[in-house]
file start.pdb (PDB, C-alpha atoms and all ligand atoms)
ATOM      1  CA  MET I   1      90.858  85.995  87.003
ATOM      2  CA  ASP I   2      90.361  89.615  88.114
ATOM      3  CA  SER I   3      93.791  90.438  89.599
ATOM      4  CA  ARG I   4      92.494  93.458  91.551
ATOM      5  CA  LYS I   5      89.847  91.304  93.149
ATOM      6  CA  SER I   6      92.305  88.590  94.083
ATOM      7  CA  ALA I   7      94.702  91.199  95.533
ATOM      8  CA  ALA I   8      91.882  92.607  97.667
ATOM      9  CA  ALA I   9      90.990  89.121  98.864
ATOM     10  CA  ALA I  10      94.597  88.238  99.765
ATOM     11  CA  PRO I  11      95.255  88.140 103.507
ATOM     12  CA  VAL I  12      96.953  91.209 104.966
ATOM     13  CA  ILE I  13      98.951  89.021 107.361
ATOM     14  CA  GLU I  14      99.903  85.527 106.341
ATOM     15  CA  THR I  15     102.260  83.290 108.261
ATOM     16  CA  HIS I  16     103.457  79.853 107.240
ATOM     17  CA  ALA I  17     104.849  77.562 109.938
ATOM     18  CA  LEU I  18     106.286  80.632 111.667
ATOM     19  CA  THR I  19     108.641  79.435 114.406
ATOM     20  CA  ARG I  20     110.953  81.061 116.931
ATOM     21  CA  VAL I  21     113.245  79.140 119.233
ATOM     22  CA  PHE I  22     115.137  80.727 122.142
ATOM     23  CA  GLY I  23     117.855  78.287 123.235
ATOM     24  CA  SER I  24     115.971  75.036 123.781
ATOM     25  CA  TYR I  25     112.580  76.777 124.202
ATOM     26  CA  THR I  26     110.150  77.065 121.304
ATOM     27  CA  ALA I  27     108.251  80.313 121.915
ATOM     28  CA  VAL I  28     106.300  80.218 118.624
ATOM     29  CA  ASP I  29     105.677  76.847 117.055
ATOM     30  CA  ARG I  30     104.730  76.468 113.377
ATOM     31  CA  LEU I  31     102.135  79.215 113.463
ATOM     32  CA  ASN I  32      99.820  79.545 110.454
ATOM     33  CA  LEU I  33      97.696  82.683 110.272
ATOM     34  CA  ALA I  34      95.650  84.342 107.535
ATOM     35  CA  VAL I  35      94.237  87.709 108.564
ATOM     36  CA  PRO I  36      91.760  89.175 106.064
ATOM     37  CA  ARG I  37      91.658  92.845 105.092
ATOM     38  CA  GLY I  38      89.563  95.101 107.301
ATOM     39  CA  ALA I  39      89.274  92.508 110.065
ATOM     40  CA  ILE I  40      89.734  93.145 113.754
ATOM     41  CA  TYR I  41      91.706  90.017 114.584
ATOM     42  CA  GLY I  42      92.258  89.114 118.237
ATOM     43  CA  PHE I  43      95.381  87.239 119.232
ATOM     44  CA  ILE I  44      94.640  85.638 122.581
ATOM     45  CA  GLY I  45      96.643  83.523 124.981
ATOM     46  CA  SER I  46      97.876  83.410 128.544
ATOM     47  CA  ASN I  47     101.124  85.073 129.681
ATOM     48  CA  GLY I  48     104.136  83.621 127.906
ATOM     49  CA  SER I  49     102.125  81.855 125.176
ATOM     50  CA  GLY I  50     104.207  83.570 122.485
ATOM     51  CA  LYS I  51     101.998  86.438 121.301
ATOM     52  CA  SER I  52     104.613  89.206 121.505
ATOM     53  CA  THR I  53     107.260  87.008 119.931
ATOM     54  CA  ALA I  54     104.938  86.229 116.994
ATOM     55  CA  ILE I  55     104.063  89.917 116.671
ATOM     56  CA  ARG I  56     107.712  90.942 116.617
ATOM     57  CA  MET I  57     108.342  88.483 113.780
ATOM     58  CA  ILE I  58     105.255  89.663 111.873
ATOM     59  CA  CYS I  59     106.477  93.267 112.178
ATOM     60  CA  GLY I  60     109.978  92.407 110.972
ATOM     61  CA  LEU I  61     111.518  93.227 114.356
ATOM     62  CA  LEU I  62     112.733  89.681 115.110
ATOM     63  CA  PRO I  63     113.928  87.097 112.567
ATOM     64  CA  PRO I  64     112.088  83.760 112.645
ATOM     65  CA  THR I  65     114.049  80.585 113.341
ATOM     66  CA  SER I  66     112.046  79.041 110.499
ATOM     67  CA  GLY I  67     108.868  79.686 108.577
ATOM     68  CA  THR I  68     107.703  82.936 107.003
ATOM     69  CA  ALA I  69     105.564  85.967 107.813
ATOM     70  CA  TYR I  70     104.093  88.126 105.050
ATOM     71  CA  VAL I  71     102.474  91.526 105.399
ATOM     72  CA  LEU I  72     100.626  92.511 102.229
ATOM     73  CA  GLY I  73     102.642  89.885 100.381
ATOM     74  CA  CYS I  74     105.984  91.209 101.658
ATOM     75  CA  ASP I  75     108.249  88.749 103.499
ATOM     76  CA  THR I  76     108.899  90.715 106.688
ATOM     77  CA  ALA I  77     112.211  88.984 107.496
ATOM     78  CA  ALA I  78     113.602  89.586 104.004
ATOM     79  CA  HIS I  79     112.291  93.163 103.685
ATOM     80  CA  PRO I  80     111.648  94.491 107.192
ATOM     81  CA  GLU I  81     111.854  98.169 106.186
ATOM     82  CA  ARG I  82     109.350  97.749 103.348
ATOM     83  CA  ALA I  83     106.972  95.776 105.601
ATOM     84  CA  ARG I  84     107.136  98.444 108.298
ATOM     85  CA  GLN I  85     106.029 101.130 105.845
ATOM     86  CA  SER I  86     102.660  99.396 105.500
ATOM     87  CA  LEU I  87     102.078  98.724 109.176
ATOM     88  CA  GLY I  88     101.681 100.675 112.392
ATOM     89  CA  TYR I  89     102.921  98.975 115.557
ATOM     90  CA  MET I  90     102.030  99.875 119.101
ATOM     91  CA  SER I  91     103.817  97.916 121.826
ATOM     92  CA  GLN I  92     102.704  97.243 125.413
ATOM     93  CA  ARG I  93     104.888 100.120 126.594
ATOM     94  CA  PHE I  94     103.849 103.181 124.621
ATOM     95  CA  SER I  95     107.179 104.505 123.315
ATOM     96  CA  LEU I  96     106.485 108.197 123.758
ATOM     97  CA  TYR I  97     108.904 111.001 124.580
ATOM     98  CA  ALA I  98     107.755 112.360 127.927
ATOM     99  CA  ASN I  99     109.640 115.650 127.522
ATOM    100  CA  MET I 100     108.159 116.401 124.123
ATOM    101  CA  THR I 101     104.670 117.782 123.569
ATOM    102  CA  VAL I 102     101.890 115.747 121.985
ATOM    103  CA  ALA I 103     102.371 117.499 118.626
ATOM    104  CA  GLU I 104     106.165 117.150 118.807
ATOM    105  CA  ASN I 105     105.847 113.414 119.400
ATOM    106  CA  MET I 106     103.659 113.139 116.307
ATOM    107  CA  MET I 107     105.991 115.255 114.180
ATOM    108  CA  PHE I 108     108.884 113.073 115.327
ATOM    109  CA  TYR I 109     107.139 109.788 114.501
ATOM    110  CA  GLY I 110     105.950 111.194 111.178
ATOM    111  CA  GLY I 111     109.620 111.822 110.372
ATOM    112  CA  LEU I 112     110.527 108.235 111.228
ATOM    113  CA  TYR I 113     107.886 107.073 108.751
ATOM    114  CA  GLY I 114     109.405 109.302 106.070
ATOM    115  CA  LEU I 115     106.607 111.895 105.818
ATOM    116  CA  THR I 116     107.625 115.326 104.541
ATOM    117  CA  ARG I 117     107.350 118.308 106.894
ATOM    118  CA  ASP I 118     104.089 119.448 105.253
ATOM    119  CA  GLU I 119     102.616 115.939 105.368
ATOM    120  CA  ARG I 120     103.586 115.660 109.034
ATOM    121  CA  ARG I 121     101.844 118.956 109.853
ATOM    122  CA  THR I 122      98.663 118.000 108.003
ATOM    123  CA  ARG I 123      98.552 114.496 109.419
ATOM    124  CA  THR I 124      99.310 115.674 112.965
ATOM    125  CA  GLN I 125      96.328 118.012 112.746
ATOM    126  CA  GLU I 126      94.022 115.301 111.338
ATOM    127  CA  VAL I 127      95.138 112.647 113.793
ATOM    128  CA  LEU I 128      94.867 114.971 116.814
ATOM    129  CA  VAL I 129      91.195 115.505 115.932
ATOM    130  CA  ARG I 130      90.599 111.811 115.402
ATOM    131  CA  MET I 131      92.284 110.869 118.693
ATOM    132  CA  GLN I 132      90.365 113.597 120.535
ATOM    133  CA  LEU I 133      93.625 115.225 121.625
ATOM    134  CA  THR I 134      93.404 118.630 119.907
ATOM    135  CA  ASP I 135      93.262 120.516 123.202
ATOM    136  CA  LYS I 136      96.368 118.624 124.391
ATOM    137  CA  ARG I 137      98.583 119.381 121.393
ATOM    138  CA  ASP I 138     101.024 121.557 123.393
ATOM    139  CA  VAL I 139     100.983 119.465 126.584
ATOM    140  CA  LEU I 140     104.079 117.395 127.429
ATOM    141  CA  ALA I 141     103.389 113.710 126.766
ATOM    142  CA  GLY I 142     104.654 112.903 130.277
ATOM    143  CA  GLY I 143     101.768 114.915 131.738
ATOM    144  CA  LEU I 144      98.983 113.060 129.937
ATOM    145  CA  SER I 145      96.617 110.583 131.592
ATOM    146  CA  GLY I 146      97.005 106.878 130.769
ATOM    147  CA  GLY I 147      94.133 106.977 128.283
ATOM    148  CA  GLN I 148      95.513 110.079 126.553
ATOM    149  CA  LYS I 149      98.981 108.492 126.296
ATOM    150  CA  GLN I 150      97.379 105.435 124.761
ATOM    151  CA  ARG I 151      95.537 107.529 122.149
ATOM    152  CA  LEU I 152      98.720 109.491 121.405
ATOM    153  CA  ALA I 153     100.605 106.222 120.862
ATOM    154  CA  LEU I 154      97.817 105.038 118.546
ATOM    155  CA  GLY I 155      97.916 108.384 116.743
ATOM    156  CA  CYS I 156     101.692 108.070 116.222
ATOM    157  CA  ALA I 157     101.211 104.551 114.823
ATOM    158  CA  ILE I 158      98.687 105.682 112.165
ATOM    159  CA  LEU I 159     100.367 108.873 110.918
ATOM    160  CA  HIS I 160     101.546 107.178 107.719
ATOM    161  CA  ARG I 161      98.065 105.698 107.043
ATOM    162  CA  PRO I 162      99.125 102.052 107.427
ATOM    163  CA  ALA I 163      96.902  99.348 105.971
ATOM    164  CA  LEU I 164      97.668  97.233 109.048
ATOM    165  CA  LEU I 165      97.738  98.145 112.729
ATOM    166  CA  VAL I 166      99.462  95.741 115.107
ATOM    167  CA  LEU I 167      98.625  96.402 118.747
ATOM    168  CA  ASP I 168     100.251  94.465 121.577
ATOM    169  CA  GLU I 169      98.062  94.750 124.695
ATOM    170  CA  PRO I 170      97.153  98.355 123.981
ATOM    171  CA  THR I 171      94.582  98.644 126.757
ATOM    172  CA  SER I 172      96.311  96.931 129.676
ATOM    173  CA  ALA I 173      97.041 100.177 131.539
ATOM    174  CA  VAL I 174      93.919 102.270 131.010
ATOM    175  CA  ASP I 175      90.516 102.687 132.636
ATOM    176  CA  PRO I 176      87.248 101.265 131.225
ATOM    177  CA  THR I 177      86.134 104.575 129.695
ATOM    178  CA  SER I 178      89.436 104.920 127.833
ATOM    179  CA  ARG I 179      89.228 101.289 126.751
ATOM    180  CA  ARG I 180      85.775 101.879 125.301
ATOM    181  CA  LEU I 181      86.859 105.017 123.449
ATOM    182  CA  PHE I 182      89.921 103.194 122.150
ATOM    183  CA  TRP I 183      87.818 100.310 120.821
ATOM    184  CA  ASN I 184      85.403 102.741 119.201
ATOM    185  CA  LEU I 185      88.370 104.269 117.381
ATOM    186  CA  LEU I 186      89.538 100.816 116.255
ATOM    187  CA  SER I 187      86.062  99.871 114.984
ATOM    188  CA  GLU I 188      85.858 103.151 113.096
ATOM    189  CA  MET I 189      89.226 102.575 111.423
ATOM    190  CA  ALA I 190      88.353  99.002 110.481
ATOM    191  CA  GLY I 191      84.917 100.047 109.238
ATOM    192  CA  THR I 192      85.556 103.257 107.333
ATOM    193  CA  GLU I 193      89.125 102.787 106.097
ATOM    194  CA  GLN I 194      89.283  99.002 105.992
ATOM    195  CA  THR I 195      92.355  99.156 108.235
ATOM    196  CA  THR I 196      93.243  95.650 109.356
ATOM    197  CA  ILE I 197      93.748  95.458 113.100
ATOM    198  CA  PHE I 198      95.734  92.685 114.760
ATOM    199  CA  VAL I 199      95.429  93.043 118.511
ATOM    200  CA  THR I 200      96.389  91.130 121.624
ATOM    201  CA  THR I 201      94.391  91.516 124.799
ATOM    202  CA  HIS I 202      93.796  89.787 128.099
ATOM    203  CA  PHE I 203      90.314  91.325 128.327
ATOM    204  CA  MET I 204      87.767  88.849 127.062
ATOM    205  CA  ASP I 205      85.074  91.528 126.717
ATOM    206  CA  GLU I 206      87.411  93.055 124.107
ATOM    207  CA  ALA I 207      87.872  89.683 122.422
ATOM    208  CA  GLU I 208      84.080  89.620 122.039
ATOM    209  CA  HIS I 209      84.408  92.663 119.681
ATOM    210  CA  CYS I 210      86.841  90.903 117.335
ATOM    211  CA  ASP I 211      85.744  89.558 113.953
ATOM    212  CA  GLU I 212      88.084  86.645 114.353
ATOM    213  CA  ILE I 213      90.279  85.246 117.086
ATOM    214  CA  ALA I 214      93.260  82.921 117.291
ATOM    215  CA  PHE I 215      94.061  81.246 120.610
ATOM    216  CA  LEU I 216      97.733  80.671 121.228
ATOM    217  CA  GLN I 217      98.991  78.121 123.711
ATOM    218  CA  ARG I 218     102.675  77.362 124.240
ATOM    219  CA  GLY I 219     103.397  78.957 120.902
ATOM    220  CA  ARG I 220     100.793  76.930 119.019
ATOM    221  CA  LYS I 221      97.464  78.018 117.588
ATOM    222  CA  ILE I 222      94.950  75.723 119.211
ATOM    223  CA  ALA I 223      91.671  77.290 118.071
ATOM    224  CA  SER I 224      90.523  80.061 115.763
ATOM    225  CA  GLY I 225      87.349  81.555 114.348
ATOM    226  CA  SER I 226      84.766  84.225 115.096
ATOM    227  CA  PRO I 227      83.651  84.530 118.739
ATOM    228  CA  THR I 228      80.309  82.980 117.750
ATOM    229  CA  ARG I 229      81.980  80.041 116.053
ATOM    230  CA  LEU I 230      84.434  79.477 118.883
ATOM    231  CA  LYS I 231      81.526  79.278 121.310
ATOM    232  CA  GLU I 232      79.484  77.011 119.051
ATOM    233  CA  GLU I 233      82.390  74.666 118.486
ATOM    234  CA  LEU I 234      83.692  74.559 122.048
ATOM    235  CA  PRO I 235      83.776  70.893 123.087
ATOM    236  CA  ALA I 236      82.038  71.838 126.356
ATOM    237  CA  ARG I 237      78.730  73.206 127.628
ATOM    238  CA  LEU I 238      78.263  75.772 130.343
ATOM    239  CA  TYR I 239      76.000  75.407 133.377
ATOM    240  CA  VAL I 240      75.385  77.569 136.427
ATOM    241  CA  LEU I 241      75.290  75.564 139.657
ATOM    242  CA  PRO I 242      73.288  76.525 142.760
ATOM    243  CA  GLU I 243      76.267  76.096 145.128
ATOM    244  CA  GLU I 244      78.007  79.184 146.499
ATOM    245  CA  ALA I 245      81.624  78.041 146.162
ATOM    246  CA  ALA I 246      83.522  76.321 143.368
ATOM    247  CA  GLU I 247      84.650  73.495 145.690
ATOM    248  CA  ALA I 248      81.027  72.747 146.626
ATOM    249  CA  GLY I 249      80.066  72.748 142.935
ATOM    250  CA  GLU I 250      82.879  70.333 142.139
ATOM    251  CA  ALA I 251      81.835  68.068 144.993
ATOM    252  CA  ALA I 252      78.208  68.040 143.792
ATOM    253  CA  LEU I 253      79.257  67.111 140.247
ATOM    254  CA  ARG I 254      81.574  64.384 141.533
ATOM    255  CA  ALA I 255      78.853  62.966 143.781
ATOM    256  CA  ALA I 256      76.518  62.805 140.763
ATOM    257  CA  GLY I 257      79.229  61.096 138.717
ATOM    258  CA  VAL I 258      79.399  63.946 136.195
ATOM    259  CA  ALA I 259      82.764  64.614 134.548
ATOM    260  CA  PHE I 260      83.689  68.280 134.245
ATOM    261  CA  ASP I 261      86.397  70.382 132.643
ATOM    262  CA  GLU I 262      86.373  73.247 135.102
ATOM    263  CA  VAL I 263      84.270  74.745 137.904
ATOM    264  CA  TYR I 264      84.868  78.400 138.731
ATOM    265  CA  VAL I 265      83.323  81.477 140.244
ATOM    266  CA  PHE I 266      82.186  84.117 137.759
ATOM    267  CA  GLY I 267      80.740  87.166 139.482
ATOM    268  CA  ARG I 268      78.179  85.712 141.883
ATOM    269  CA  GLN I 269      77.754  82.512 139.909
ATOM    270  CA  VAL I 270      79.419  79.136 140.212
ATOM    271  CA  ARG I 271      79.935  78.003 136.630
ATOM    272  CA  ALA I 272      80.789  74.548 135.327
ATOM    273  CA  LEU I 273      82.167  73.604 131.940
ATOM    274  CA  VAL I 274      81.221  70.010 131.235
ATOM    275  CA  PRO I 275      81.831  67.769 128.194
ATOM    276  CA  ARG I 276      79.179  68.185 125.513
ATOM    277  CA  ASP I 277      77.836  64.663 125.944
ATOM    278  CA  ALA I 278      77.586  64.834 129.765
ATOM    279  CA  VAL I 279      74.120  64.250 131.221
ATOM    280  CA  LEU I 280      73.379  66.339 134.300
ATOM    281  CA  PRO I 281      70.793  64.783 136.656
ATOM    282  CA  GLU I 282      67.923  67.069 137.657
ATOM    283  CA  GLU I 283      68.807  67.018 141.337
ATOM    284  CA  LEU I 284      71.926  69.081 140.549
ATOM    285  CA  HIS I 285      69.632  72.007 139.629
ATOM    286  CA  ALA I 286      72.202  73.075 137.027
ATOM    287  CA  ALA I 287      70.972  75.773 134.647
ATOM    288  CA  PRO I 288      72.309  75.815 131.060
ATOM    289  CA  TRP I 289      73.973  79.173 130.419
ATOM    290  CA  GLU I 290      75.222  81.119 127.431
ATOM    291  CA  LEU I 291      79.003  81.048 126.938
ATOM    292  CA  THR I 292      81.089  84.201 126.949
ATOM    293  CA  MET I 293      84.604  84.504 125.526
ATOM    294  CA  GLU I 294      85.864  84.433 129.098
ATOM    295  CA  ASP I 295      84.429  80.907 129.507
ATOM    296  CA  VAL I 296      86.034  79.895 126.205
ATOM    297  CA  PHE I 297      89.373  81.257 127.428
ATOM    298  CA  ILE I 298      89.035  79.438 130.746
ATOM    299  CA  TYR I 299      88.343  76.194 128.879
ATOM    300  CA  TYR I 300      91.498  76.416 126.763
ATOM    301  CA  ASP I 301      93.625  77.739 129.608
ATOM    302  CA  ARG I 302      92.506  74.838 131.796
ATOM    303  CA  ARG I 303      93.391  72.383 129.020
ATOM    304  CA  GLN I 304      96.889  73.841 128.935
ATOM    305  CA  ARG I 305      97.343  73.443 132.669
ATOM    306  CA  GLY I 306      96.124  69.840 132.373
TER     307      GLY I 306
HETATM  308  N1  LIG B   1     114.561  87.249 123.872
HETATM  309  C1  LIG B   1     114.139  86.176 124.517
HETATM  310  N2  LIG B   1     115.017  85.259 125.017
HETATM  311  C2  LIG B   1     114.597  84.153 125.655
HETATM  312  N3  LIG B   1     113.286  83.853 125.861
HETATM  313  C3  LIG B   1     112.372  84.718 125.403
HETATM  314  C4  LIG B   1     112.743  85.926 124.709
HETATM  315  N4  LIG B   1     111.602  86.582 124.363
HETATM  316  C5  LIG B   1     110.573  85.827 124.824
HETATM  317  N5  LIG B   1     111.029  84.724 125.437
HETATM  318  C6  LIG B   1     110.211  83.665 126.054
HETATM  319  O1  LIG B   1     109.270  83.223 125.095
HETATM  320  C7  LIG B   1     108.021  82.941 125.704
HETATM  321  C8  LIG B   1     106.927  83.717 125.031
HETATM  322  O2  LIG B   1     107.049  85.097 125.390
HETATM  323  P1  LIG B   1     106.084  86.215 124.784
HETATM  324  O3  LIG B   1     106.528  87.514 125.370
HETATM  325  O4  LIG B   1     106.068  86.094 123.313
HETATM  326  O5  LIG B   1     104.678  85.779 125.372
HETATM  327  P2  LIG B   1     103.306  86.596 125.425
HETATM  328  O6  LIG B   1     102.238  85.653 125.018
HETATM  329  O7  LIG B   1     103.440  87.850 124.638
HETATM  330  O8  LIG B   1     103.179  86.923 126.983
HETATM  331  P3  LIG B   1     102.436  88.156 127.734
HETATM  332  O9  LIG B   1     100.971  87.925 127.611
HETATM  333  O10 LIG B   1     102.932  88.006 129.141
HETATM  334  O11 LIG B   1     102.905  89.424 127.077
HETATM  335  C9  LIG B   1     108.185  83.269 127.190
HETATM  336  O12 LIG B   1     108.458  82.083 127.891
HETATM  337  C10 LIG B   1     109.384  84.196 127.210
HETATM  338  O13 LIG B   1     110.088  84.099 128.425
END
call {"tool": "encode", "arguments": {"input": "start.pdb", "output": "structure tokens"}}
result
Amino acid sequence: MDSRKSAAAAPVIETHALTRVFGSYTAVDRLNLAVPRGAIYGFIGSNGSGKSTAIRMICGLLPPTSGTAYVLGCDTAAHPERARQSLGYMSQRFSLYANMTVAENMMFYGGLYGLTRDERRTRTQEVLVRMQLTDKRDVLAGGLSGGQKQRLALGCAILHRPALLVLDEPTSAVDPTSRRLFWNLLSEMAGTEQTTIFVTTHFMDEAEHCDEIAFLQRGRKIASGSPTRLKEELPARLYVLPEEAAEAGEAALRAAGVAFDEVYVFGRQVRALVPRDAVLPEELHAAPWELTMEDVFIYYDRRQRG
């Protein structure tokens, strides 16, 4: 077998029954992941589903209770320092030094990653251009806008050219223009440098951009696949109802004897997720509609709430 080929095909992140228990609470429950090289992999789940805990174990920042996480074949619990050399991690709170300039922050982080002074200078220059922050190099980080802080944090995380970027809700605090620019940067890195990007988000329009997604619920992976596949395989169909309120939509479905998973308002529409085999009588005037990732999320979230 061609060993180079098999190395290239090996997942960048691999977890086997990764588990973390806090007291009597299982935050991450036997999680199996295989994240291929160059993928933008979305890690989705409602608040408290265990995403950050799993990420901290993957990055070697928190020891698992049981199970294993590998980054590029390196067991991150056994060799956390080695694993961290091949990954860039950006947490929900960008850990920037407000009283240091943009360039000083980068020089500092470059030092943490073990770059020499010359390497730090060169990389700071390159990354400033890439992050569109060249004109801010001498501005204190504390004086940047939310979007600029976010790009600086991303810049700090990629100084050492990691093969893997792990981003925990990187866009939760920035405006839509900054979010778009940020995602363009991610797509560029995944496309041109084959950087693998593992990202959590609560924005389902961002999930739509991912190559693959894993849904986490109470610490367990309950669904995974590309956005297209997740929609195709969802055990429900989506309809738009003519009613103007969710309660009225629910009442109409009940009156017609149609079982449903969820009825909710989406923009100006009242949407209904119904089991695949449900037959909707014509008098409901329900229009079949194309699923978005937001509908998929609502379906799984609803299942969790029971
Ligand atoms: N150090 C800890 N001690 C005790 N419980 C913890 C600890 N860290 C996390 N938890 C619990 O584990 C569960 C999962 O938390 P986690 O932060 O991983 O979820 P999350 O999916 O990242 O949530 P969010 O979307 O809100 O960031 C939560 O119930 C949380 O309270």
call {"tool": "resolve_selection", "arguments": {"input": "start.pdb", "expression": "the PyMOL selection byres (((chain I and resi 124-136) around 7) and not hetatm)", "output": "number ranges by chain"}}
result
I: 102-103, 106-107, 120-123, 137-139, 151, 155
call {"tool": "closest_residue", "arguments": {"input": "start.pdb", "among": "I:His285, I:Lys221, I:Arg84, I:Lys231", "to": "Tyr113 of chain I", "atoms": "only C-alpha atoms"}}
result
I:Arg84
call {"tool": "residues_near_point", "arguments": {"input": "start.pdb", "point": "(101.5, 111.7, 123.8)", "cutoff": "8 Å", "atoms": "all atoms listed in the file", "output": "mmCIF file with C-alpha atoms, in the coordinates of the input"}}
result
data_model
loop_
_atom_site.group_PDB
_atom_site.id
_atom_site.type_symbol
_atom_site.label_atom_id
_atom_site.label_comp_id
_atom_site.auth_asym_id
_atom_site.auth_seq_id
_atom_site.Cartn_x
_atom_site.Cartn_y
_atom_site.Cartn_z
ATOM 1 C CA LEU I 96 106.485 108.197 123.758
ATOM 2 C CA TYR I 97 108.904 111.001 124.580
ATOM 3 C CA ALA I 98 107.755 112.360 127.927
ATOM 4 C CA THR I 101 104.670 117.782 123.569
ATOM 5 C CA VAL I 102 101.890 115.747 121.985
ATOM 6 C CA ALA I 103 102.371 117.499 118.626
ATOM 7 C CA ASN I 105 105.847 113.414 119.400
ATOM 8 C CA MET I 106 103.659 113.139 116.307
ATOM 9 C CA LEU I 140 104.079 117.395 127.429
ATOM 10 C CA ALA I 141 103.389 113.710 126.766
ATOM 11 C CA GLY I 142 104.654 112.903 130.277
ATOM 12 C CA LEU I 144 98.983 113.060 129.937
ATOM 13 C CA GLN I 148 95.513 110.079 126.553
ATOM 14 C CA LYS I 149 98.981 108.492 126.296
ATOM 15 C CA GLN I 150 97.379 105.435 124.761
ATOM 16 C CA ARG I 151 95.537 107.529 122.149
ATOM 17 C CA LEU I 152 98.720 109.491 121.405
ATOM 18 C CA ALA I 153 100.605 106.222 120.862
#
call {"tool": "resolve_selection", "arguments": {"input": "start.pdb", "expression": "the PyMOL selection byres (((chain I and resi 261) around 10) and not hetatm)", "output": "PyMOL selection string"}}
result
chain I and resi 235-237+259-260+262-263+272-275+298-300+302-303+306
call {"tool": "axis_aligned_box", "arguments": {"input": "start.pdb", "around": "ligand LIG 1 (chain B)", "padding_each_side": "3 Å", "output": "AutoDock Vina command-line options"}}
result
--center_x 108.0 --center_y 85.8 --center_z 126.2 --size_x 20.0 --size_y 13.3 --size_z 11.8
call {"tool": "atom_distance", "arguments": {"input": "start.pdb", "atom1": "atom CA of Gly88 of chain I", "atom2": "atom CA of Ala157 of chain I"}}
result
4.6 Å
call {"tool": "residues_near_ligand", "arguments": {"input": "start.pdb", "ligand": "ligand LIG 1 (chain B)", "cutoff": "9 Å", "atoms": "only C-alpha atoms and all ligand atoms", "output": "ChimeraX atom specification"}}
result
/I:20-23,25-28,44-56,92,168-169,200-202,216-219
call {"tool": "residues_around", "arguments": {"input": "start.pdb", "residues": "Gly67 of chain I", "least_positions_apart": "3", "cutoff": "7 Å", "atoms": "only C-alpha atoms", "output": "JSON list (two decimals) with C-alpha atoms, in the coordinates of the input"}}
result
[["chain", "number", "residue", "atom", "x", "y", "z"],
["I", 16, "HIS", "CA", 103.46, 79.85, 107.24],
["I", 17, "ALA", "CA", 104.85, 77.56, 109.94],
["I", 18, "LEU", "CA", 106.29, 80.63, 111.67],
["I", 19, "THR", "CA", 108.64, 79.44, 114.41],
["I", 64, "PRO", "CA", 112.09, 83.76, 112.64]]
call {"tool": "resolve_selection", "arguments": {"input": "start.pdb", "expression": "the PyMOL selection byres (((chain I and resi 211) around 8) and not hetatm)", "output": "ChimeraX atom specification"}}
result
/I:39-42,209-210,212-213,226-227
call {"tool": "write_last_selection", "arguments": {"input": "start.pdb", "atoms": "C-alpha atoms", "output": "compact mmCIF listing (two decimals), in the frame of the given file"}}
result
# COMPACT_ATOMS: atom_id res chain seq x y z
CA ALA I 39 89.27 92.51 110.06
CA ILE I 40 89.73 93.14 113.75
CA TYR I 41 91.71 90.02 114.58
CA GLY I 42 92.26 89.11 118.24
CA HIS I 209 84.41 92.66 119.68
CA CYS I 210 86.84 90.90 117.34
CA GLU I 212 88.08 86.64 114.35
CA ILE I 213 90.28 85.25 117.09
CA SER I 226 84.77 84.22 115.10
CA PRO I 227 83.65 84.53 118.74
call {"tool": "atom_distance", "arguments": {"input": "start.pdb", "atom1": "atom CA of Glu294 of chain I", "atom2": "atom CA of Met204 of chain I"}}
result
5.2 Å
call {"tool": "atom_distance", "arguments": {"input": "start.pdb", "atom1": "atom CA of Arg271 of chain I", "atom2": "atom CA of Leu291 of chain I"}}
result
10.2 Å
call {"tool": "closest_residue", "arguments": {"input": "start.pdb", "among": "I:Leu61, I:Ala223, I:Leu87, I:Ala78", "to": "Leu33 of chain I", "atoms": "only C-alpha atoms"}}
result
I:Ala223
call {"tool": "closest_residue", "arguments": {"input": "start.pdb", "among": "I:Val35, I:Thr68, I:Leu164, I:Pro11", "to": "Ala190 of chain I", "atoms": "all atoms listed in the file"}}
result
I:Leu164
call {"tool": "closest_residue", "arguments": {"input": "start.pdb", "among": "I:Ser178, I:Cys74, I:Glu81, I:Leu154", "to": "Arg93 of chain I", "atoms": "all atoms listed in the file"}}
result
I:Leu154
call {"tool": "closest_residue", "arguments": {"input": "start.pdb", "among": "I:Tyr239, I:Phe203, I:Phe43, I:Tyr89", "to": "Leu280 of chain I", "atoms": "only C-alpha atoms"}}
result
I:Tyr239
call {"tool": "residues_around", "arguments": {"input": "start.pdb", "residues": "segment 244-251 of chain I", "least_positions_apart": "2", "cutoff": "10 Å", "atoms": "only C-alpha atoms", "output": "number ranges by chain"}}
result
I: 240-242, 253-260, 262-266, 268-272, 284, 286
call {"tool": "write_last_selection", "arguments": {"input": "start.pdb", "atoms": "C-alpha atoms", "output": "short mmCIF file (atom, residue, chain, number, x, y, z; two decimals), in the coordinates of the input"}}
result
data_model
loop_
_atom_site.label_atom_id
_atom_site.label_comp_id
_atom_site.auth_asym_id
_atom_site.auth_seq_id
_atom_site.Cartn_x
_atom_site.Cartn_y
_atom_site.Cartn_z
CA VAL I 240 75.39 77.57 136.43
CA LEU I 241 75.29 75.56 139.66
CA PRO I 242 73.29 76.53 142.76
CA LEU I 253 79.26 67.11 140.25
CA ARG I 254 81.57 64.38 141.53
CA ALA I 255 78.85 62.97 143.78
CA ALA I 256 76.52 62.80 140.76
CA GLY I 257 79.23 61.10 138.72
CA VAL I 258 79.40 63.95 136.20
CA ALA I 259 82.76 64.61 134.55
CA PHE I 260 83.69 68.28 134.24
CA GLU I 262 86.37 73.25 135.10
CA VAL I 263 84.27 74.74 137.90
CA TYR I 264 84.87 78.40 138.73
CA VAL I 265 83.32 81.48 140.24
CA PHE I 266 82.19 84.12 137.76
CA ARG I 268 78.18 85.71 141.88
CA GLN I 269 77.75 82.51 139.91
CA VAL I 270 79.42 79.14 140.21
CA ARG I 271 79.94 78.00 136.63
CA ALA I 272 80.79 74.55 135.33
CA LEU I 284 71.93 69.08 140.55
CA ALA I 286 72.20 73.08 137.03
#
